[in-house]
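K.L.:
The structure under discussion is supplied below as structure tokens; questions concerning it will follow.
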Protein chains: 2
Amino acid sequence: MRTLHHRDGHLGWDRDLPPDAEIGPGDEVELVLHDAFAGQLGPEATAADVARMDLDRANPLTGPIRVADTAPGDVLEITLQEVVPGPVGWTTLIPGFGLLADEFPDPHVVVSRIEASHIEVGGFARIPLAPFLGTVGVAPGEPGPHSVIPPGRVGGNLDCRDVRAGATLLLPIEVDGALLSAGDPHGAQGDGEVCGTAIETTATARLRVDVRRDLEIDAPQLVLPTTSDDRPGVATGPPVGPRHVTTGVGPDLYTGARDATRAMIDHLADRFGLDPADAYALTSVAGHLRIVEVVDAPNWVVGMDLDLSVLQA
Amino acid sequence: MRTLHHRDGHLGWDRDLPPDAEIGPGDEVELVLHDAFAGQLGPEATAADVARMDLDRANPLTGPIRVADTAPGDVLEITLQEVVPGPVGWTTLIPGFGLLADEFPDPHVVVSRIEASHIEVGGFARIPLAPFLGTVGVAPGEPGPHSVIPPGRVGGNLDCRDVRAGATLLLPIEVDGALLSAGDPHGAQGDGEVCGTAIETTATARLRVDVRRDLEIDAPQLVLPTTSDDRPGVATGPPVGPRHVTTGVGPDLYTGARDATRAMIDHLADRFGLDPADAYALTSVAGHLRIVEVVDAPNWVVGMDLDLSVLQA
């Protein structure tokens, strides 16, 4: 298995970047990922350190990886096999960034300790460990460079906590060879990532990459395995899943909700033969609209999340 | 315990409606609730029946209930003790109503059978039974009448699936005696209620009503008990909760997300003594923004959902 290192990676998206490696569909790859601050914060970080950071270095990516035999119109299927986060996490308030940026103008940092099954957040909270990759994407078709901050229809900085071990991410390919990159590991995050950052950390991740030619998608979609959900749940309930999550990516949450819902209806009609009106009714009674991220300006991500086991009646 | 019947209830919100009953803080009441279509659909309902419905009769409420010793500025605490839904459910597409109203112009209905622990949705899906009240609210301070369709800061048609047995709903009181009403029972619903309706059904509900003078809230909030969550969850995970859900209610989802997040930060600062910047960081790493409903025009509801057990470190 190939290992790629972030020091050979890149900043931003650009279809003309030379690939760091080429793999074939079905291959696995190991990625050594920098944290989103590119190592600028240490375990004793202070608000002054946050204020001093060079944000032009933010969100460095590992890649790009050329995937042989892929072309625009294909769908890249990325199965996350393992995400092993670093021991230290940082959650920052960065002036001008975040859902309440106008109300929190000062830099701030909470340093967390990442343990085997949980995270000690500052000195005041303990949350479940739920590591995932904040950024996984392929090169946009439009010539770059493009900022790494906003996600797009080809993925990127989705900051979607479902992009974790066991999940499969589906991305529409826009350039020959796909040009896959990843970064921005998180130890845990809520839907929304409201202050602009998660438990930011380093990680090593293993992925398997495949190509799908039986799908047509306009935005990222996810397949989540049975009982792999990390949301607050009924401890005594039956297993759930597999779940399917469609997304809407763009500057308006209402449009994102519409796009994600329409994509779910199309999925239910195409894959399960449901009448579209019945599929729309089913998303209403059993599908959940989540604000996946609302901070990576100018594009927010809305997810429509459905437990497909409801169809196994 | 008092029982109130929907046939003595009302349509719409109005501070000048005569109360149907008066109770004191600490009292329980049983409510017999009509379905949101006021009985206009039967177990063999068709799209033609949907087209023929008189929507001026929609969403009839049981109440209003005057709560003694309550005044503007107090908070009404409504604890849902039991919600027993009817045997038949209807999910309709109503022309002009719903998140994708422009793409689904035709009337449609899916009739469901509500069983002891699940719901048979049409002939094509089986979902968990998760009954709740779509509409619970107090009279707005502004003289009426007001439509029952949009929710507001005093609650109403929140269509929030958390308003179920075991949950406590907190509502800001705007008129003397609060004037509580409820209706719109649902057998189950996803976050968003995207097609405009849930599993619409009848129900009998038991509530206990109290007054809180130690809280200041600008919009509905919910307290959810440990392990009462009906979202897809890890069957083998530890119990979670209690959870606290703040809401933002209004015509813009982004503003709603901001309002819900700010309310959660205030809650964490006021009740747990957290520094507001730390509270903001905690909502980012552990709180989940949910689109509770996005169809009751012109007001949508966004929830910020946090498992408070993360603070018991």
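Simple scheme: letters A, B, ... for chains in structure tokens order, numbers from 1 for residues in each chain, numbers from 1 for ligands in the order shown.
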For segment 115-126 of chain B, work out the shell of residues within 10 Å, counting only C-alpha atoms and skipping chain neighbours fewer than 2 positions away, then give it as a compact mmCIF listing (two decimals) with N, CA, C and O atoms, in the first residue's frame.

P.N.:
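That gives us out_25.txt:
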```
# COMPACT_ATOMS: atom_id res chain seq x y z
N PHE A 272 -34.53 2.15 -5.72
CA PHE A 272 -35.53 1.31 -5.06
C PHE A 272 -36.86 1.30 -5.81
O PHE A 272 -37.81 0.67 -5.36
N LEU A 274 -39.10 3.53 -6.14
CA LEU A 274 -40.24 4.23 -5.53
C LEU A 274 -40.81 5.28 -6.49
O LEU A 274 -40.06 5.94 -7.22
N ASP A 275 -42.12 5.41 -6.47
CA ASP A 275 -42.77 6.54 -7.11
C ASP A 275 -42.21 7.83 -6.48
O ASP A 275 -42.12 7.91 -5.25
N ASP A 278 -44.20 9.20 -3.59
CA ASP A 278 -44.04 8.37 -2.38
C ASP A 278 -42.67 8.59 -1.73
O ASP A 278 -42.55 8.63 -0.50
N ALA A 279 -41.63 8.74 -2.58
CA ALA A 279 -40.28 8.97 -2.04
C ALA A 279 -40.23 10.30 -1.29
O ALA A 279 -39.60 10.40 -0.23
N ALA A 281 -42.76 11.77 0.19
CA ALA A 281 -43.47 11.55 1.47
C ALA A 281 -42.58 10.80 2.46
O ALA A 281 -42.56 11.11 3.66
N LEU A 282 -41.82 9.81 1.98
CA LEU A 282 -40.97 9.04 2.89
C LEU A 282 -39.85 9.90 3.48
O LEU A 282 -39.54 9.79 4.68
N VAL A 285 -41.32 11.83 6.41
CA VAL A 285 -41.67 11.15 7.66
C VAL A 285 -40.48 10.43 8.29
O VAL A 285 -40.53 10.10 9.49
N ALA A 286 -39.40 10.19 7.52
CA ALA A 286 -38.28 9.40 8.08
C ALA A 286 -36.90 9.99 7.79
O ALA A 286 -35.91 9.53 8.35
N LEU A 308 -31.97 3.54 5.39
CA LEU A 308 -32.58 2.78 4.29
C LEU A 308 -33.24 1.49 4.76
O LEU A 308 -33.98 0.86 3.99
N SER A 309 -32.98 1.09 6.00
CA SER A 309 -33.62 -0.14 6.47
C SER A 309 -35.13 0.01 6.57
O SER A 309 -35.85 -0.98 6.67
N VAL A 310 -35.64 1.23 6.53
CA VAL A 310 -37.10 1.42 6.53
C VAL A 310 -37.73 0.82 5.27
O VAL A 310 -38.94 0.56 5.24
N LEU A 311 -36.93 0.60 4.24
CA LEU A 311 -37.45 0.03 2.99
C LEU A 311 -37.46 -1.50 3.01
O LEU A 311 -37.97 -2.12 2.09
N GLN A 312 -36.88 -2.11 4.04
CA GLN A 312 -36.81 -3.57 4.09
C GLN A 312 -38.04 -4.14 4.80
O GLN A 312 -37.94 -5.09 5.57
N ALA A 313 -39.17 -3.55 4.56
CA ALA A 313 -40.40 -3.96 5.26
C ALA A 313 -40.89 -5.31 4.71
O ALA A 313 -40.65 -5.63 3.56
N VAL B 84 -50.71 9.08 22.71
CA VAL B 84 -51.21 7.82 22.14
C VAL B 84 -51.88 8.14 20.80
O VAL B 84 -52.96 8.73 20.75
N PRO B 85 -51.22 7.76 19.70
CA PRO B 85 -51.75 8.14 18.38
C PRO B 85 -52.87 7.23 17.92
O PRO B 85 -53.05 6.13 18.45
N GLY B 86 -53.60 7.71 16.93
CA GLY B 86 -54.68 6.94 16.32
C GLY B 86 -54.16 5.81 15.44
O GLY B 86 -52.94 5.67 15.26
N PRO B 87 -55.06 4.99 14.92
CA PRO B 87 -54.61 3.82 14.17
C PRO B 87 -54.25 4.12 12.70
O PRO B 87 -53.60 3.31 12.07
N VAL B 88 -54.70 5.26 12.19
CA VAL B 88 -54.48 5.56 10.76
C VAL B 88 -53.68 6.85 10.64
O VAL B 88 -53.89 7.80 11.40
N GLY B 89 -52.73 6.88 9.69
CA GLY B 89 -51.95 8.09 9.43
C GLY B 89 -52.03 8.49 7.97
O GLY B 89 -52.19 7.63 7.08
N TRP B 90 -51.94 9.78 7.71
CA TRP B 90 -51.98 10.30 6.34
C TRP B 90 -50.78 11.20 6.12
O TRP B 90 -50.50 12.08 6.96
N THR B 91 -50.08 11.01 5.01
CA THR B 91 -49.03 11.92 4.58
C THR B 91 -49.44 12.45 3.21
O THR B 91 -49.61 11.66 2.27
N VAL B 109 -51.53 11.26 -1.68
CA VAL B 109 -51.65 10.84 -0.28
C VAL B 109 -51.05 9.45 -0.10
O VAL B 109 -51.18 8.58 -0.98
N VAL B 110 -50.36 9.26 1.01
CA VAL B 110 -49.90 7.95 1.45
C VAL B 110 -50.62 7.66 2.77
O VAL B 110 -50.50 8.43 3.72
N VAL B 111 -51.38 6.58 2.79
CA VAL B 111 -52.09 6.20 4.01
C VAL B 111 -51.24 5.16 4.76
O VAL B 111 -50.73 4.22 4.15
N SER B 112 -51.08 5.37 6.06
CA SER B 112 -50.23 4.49 6.87
C SER B 112 -51.05 3.82 7.96
O SER B 112 -52.08 4.33 8.41
N ARG B 113 -50.57 2.66 8.40
CA ARG B 113 -51.20 1.94 9.50
C ARG B 113 -50.27 2.04 10.72
O ARG B 113 -49.11 1.64 10.66
N PRO B 128 -40.05 3.37 12.58
CA PRO B 128 -40.35 3.28 14.02
C PRO B 128 -41.49 4.23 14.40
O PRO B 128 -41.60 5.33 13.87
N LEU B 129 -42.33 3.79 15.33
CA LEU B 129 -43.36 4.67 15.89
C LEU B 129 -42.67 5.69 16.79
O LEU B 129 -41.90 5.32 17.68
N ALA B 130 -42.94 6.96 16.59
CA ALA B 130 -42.31 8.03 17.39
C ALA B 130 -43.30 9.18 17.50
O ALA B 130 -43.09 10.26 16.96
N GLY B 187 -47.58 10.59 14.06
CA GLY B 187 -47.07 9.28 14.46
C GLY B 187 -45.56 9.18 14.35
O GLY B 187 -44.92 8.43 15.07
N ALA B 188 -44.98 9.97 13.44
CA ALA B 188 -43.53 10.05 13.24
C ALA B 188 -43.28 11.16 12.24
O ALA B 188 -44.19 11.56 11.49
N ILE B 199 -46.66 11.84 9.55
CA ILE B 199 -47.69 10.81 9.69
C ILE B 199 -48.81 11.49 10.49
O ILE B 199 -48.84 11.44 11.72
```

K.L.:
Find the spatial neighbours of Gly155 of chain B, counting only C-alpha atoms, within a cut-off of 9 Å - ignore same-chain residues fewer than 2 positions away - and output them as a PDB file with N, CA and C atoms, in the first residue's frame.

P.N.:
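And here's around10.pdb as it stands now:
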```
ATOM      1  N   THR B 135     -48.111  20.656  17.133  1.00  0.00           N
ATOM      2  CA  THR B 135     -48.442  22.022  17.560  1.00  0.00           C
ATOM      3  C   THR B 135     -48.687  22.074  19.068  1.00  0.00           C
ATOM      4  N   VAL B 136     -47.830  22.812  19.756  1.00  0.00           N
ATOM      5  CA  VAL B 136     -48.040  23.155  21.165  1.00  0.00           C
ATOM      6  C   VAL B 136     -47.584  24.604  21.310  1.00  0.00           C
ATOM      7  N   GLY B 137     -48.487  25.466  21.773  1.00  0.00           N
ATOM      8  CA  GLY B 137     -48.093  26.871  21.870  1.00  0.00           C
ATOM      9  C   GLY B 137     -48.952  27.627  22.848  1.00  0.00           C
ATOM     10  N   VAL B 138     -48.531  28.860  23.121  1.00  0.00           N
ATOM     11  CA  VAL B 138     -49.323  29.771  23.941  1.00  0.00           C
ATOM     12  C   VAL B 138     -49.699  30.971  23.065  1.00  0.00           C
ATOM     13  N   ALA B 139     -50.660  31.768  23.552  1.00  0.00           N
ATOM     14  CA  ALA B 139     -51.164  32.873  22.727  1.00  0.00           C
ATOM     15  C   ALA B 139     -50.095  33.950  22.544  1.00  0.00           C
ATOM     16  N   PRO B 151     -45.057  28.668  13.022  1.00  0.00           N
ATOM     17  CA  PRO B 151     -44.709  28.726  14.442  1.00  0.00           C
ATOM     18  C   PRO B 151     -44.108  30.096  14.749  1.00  0.00           C
ATOM     19  N   GLY B 152     -43.935  30.375  16.027  1.00  0.00           N
ATOM     20  CA  GLY B 152     -43.359  31.652  16.433  1.00  0.00           C
ATOM     21  C   GLY B 152     -42.545  31.482  17.696  1.00  0.00           C
ATOM     22  N   ARG B 153     -42.156  32.608  18.285  1.00  0.00           N
ATOM     23  CA  ARG B 153     -41.329  32.533  19.505  1.00  0.00           C
ATOM     24  C   ARG B 153     -42.102  31.918  20.663  1.00  0.00           C
ATOM     25  N   ASN B 157     -46.968  25.780  15.814  1.00  0.00           N
ATOM     26  CA  ASN B 157     -46.772  24.675  14.866  1.00  0.00           C
ATOM     27  C   ASN B 157     -45.282  24.414  14.611  1.00  0.00           C
ATOM     28  N   LEU B 158     -44.570  24.061  15.666  1.00  0.00           N
ATOM     29  CA  LEU B 158     -43.124  23.837  15.581  1.00  0.00           C
ATOM     30  C   LEU B 158     -42.789  22.620  14.736  1.00  0.00           C
ATOM     31  N   LEU B 170     -40.284  24.239  26.822  1.00  0.00           N
ATOM     32  CA  LEU B 170     -40.290  25.536  27.510  1.00  0.00           C
ATOM     33  C   LEU B 170     -40.714  26.617  26.522  1.00  0.00           C
ATOM     34  N   LEU B 171     -41.738  27.400  26.895  1.00  0.00           N
ATOM     35  CA  LEU B 171     -42.254  28.453  26.004  1.00  0.00           C
ATOM     36  C   LEU B 171     -42.322  29.781  26.754  1.00  0.00           C
ATOM     37  N   PRO B 172     -41.875  30.876  26.115  1.00  0.00           N
ATOM     38  CA  PRO B 172     -42.035  32.196  26.732  1.00  0.00           C
ATOM     39  C   PRO B 172     -43.506  32.609  26.730  1.00  0.00           C
ATOM     40  N   ALA B 219     -37.200  32.016  22.691  1.00  0.00           N
ATOM     41  CA  ALA B 219     -37.803  31.097  21.715  1.00  0.00           C
ATOM     42  C   ALA B 219     -37.961  29.757  22.426  1.00  0.00           C
ATOM     43  N   PRO B 220     -38.717  28.835  21.851  1.00  0.00           N
ATOM     44  CA  PRO B 220     -38.909  27.537  22.506  1.00  0.00           C
ATOM     45  C   PRO B 220     -37.584  26.811  22.766  1.00  0.00           C
ATOM     46  N   VAL B 249     -36.504  30.470  15.404  1.00  0.00           N
ATOM     47  CA  VAL B 249     -37.747  30.401  14.628  1.00  0.00           C
ATOM     48  C   VAL B 249     -37.861  31.655  13.774  1.00  0.00           C
TER      49      VAL B 249
END
```

K.L.:
For Val294 of chain B, work out the shell of residues within 7 Å, counting only C-alpha atoms and skipping chain neighbours fewer than 6 positions away, then give it as an NGL selection string.

P.N.:
:B and (99 or 192-194 or 300-301)

K.L.:
Excluding same-chain residues fewer than 3 positions from Thr247 of chain B, what lies within 6 Å of it counting only C-alpha atoms, as a PyMOL selection string?

P.N.:
chain B and resi 220+260+302-303

K.L.:
Could you check the closest approach to Asp74 of chain B for each of B:Gly248, B:Gly273, B:Pro25, B:Pro145 and tell me which residue wins, using only C-alpha atoms?

P.N.:
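Counting only C-alpha atoms, the residue closest to Asp74 of chain B is B:Pro25.
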
K.L.:
Nearest to chain B among A:Ala21, A:Val83, A:Val154, A:Met264, with distances taken over only C-alpha atoms: which residue is it?

P.N.:
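Ranked by minimum distance to chain B, first place goes to A:Met264.
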
K.L.:
Ranking A:Ile217, A:Ala71, A:Ala257, A:Ala36 by minimum distance to chain B and counting only C-alpha atoms, which one comes first?

P.N.:
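With only C-alpha atoms as the atom set, the closest residue is A:Ala257.
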
K.L.:
Excluding Pro143 of chain B and any residue of its chain fewer than 6 positions from it, enumerate the residues within 12 Å of it, using only C-alpha atoms, and give them as a PyMOL selection string.

P.N.:
chain B and resi 12-17+174-175

K.L.:
With C-alpha atoms retained, write the just-selected residues as a PDB file, in the first residue's frame.

P.N.:
```
ATOM      1  CA  GLY B  12     -55.786  29.895  14.805  1.00  0.00           C
ATOM      2  CA  TRP B  13     -54.195  31.884  17.642  1.00  0.00           C
ATOM      3  CA  ASP B  14     -55.875  34.763  19.425  1.00  0.00           C
ATOM      4  CA  ARG B  15     -55.175  36.212  22.876  1.00  0.00           C
ATOM      5  CA  ASP B  16     -58.848  37.167  23.129  1.00  0.00           C
ATOM      6  CA  LEU B  17     -60.286  33.655  22.786  1.00  0.00           C
ATOM      7  CA  GLU B 174     -46.701  36.721  26.412  1.00  0.00           C
ATOM      8  CA  VAL B 175     -50.229  37.044  27.915  1.00  0.00           C
TER       9      VAL B 175
END
```

K.L.:
Provide the atom CA of Gly196 of chain A to atom CA of Ala48 of chain A distance in Å, to one decimal place.

P.N.:
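Distance between the two atoms: 17.7 Å.
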
K.L.:
Quick one: everything within 12 Å of Thr204 of chain A, counting only C-alpha atoms, minus sequence neighbours fewer than 4 positions away in the same chain. Send it as a PyMOL selection string.

P.N.:
chain A and resi 3-6+29-35+62+80-87+131-133+165+182-187

K.L.:
Nearest residue to chain B out of A:Ala269, A:Val292, A:Val209, A:Ala263, using only C-alpha atoms?

P.N.:
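Smallest distance to chain B is found for A:Val292.
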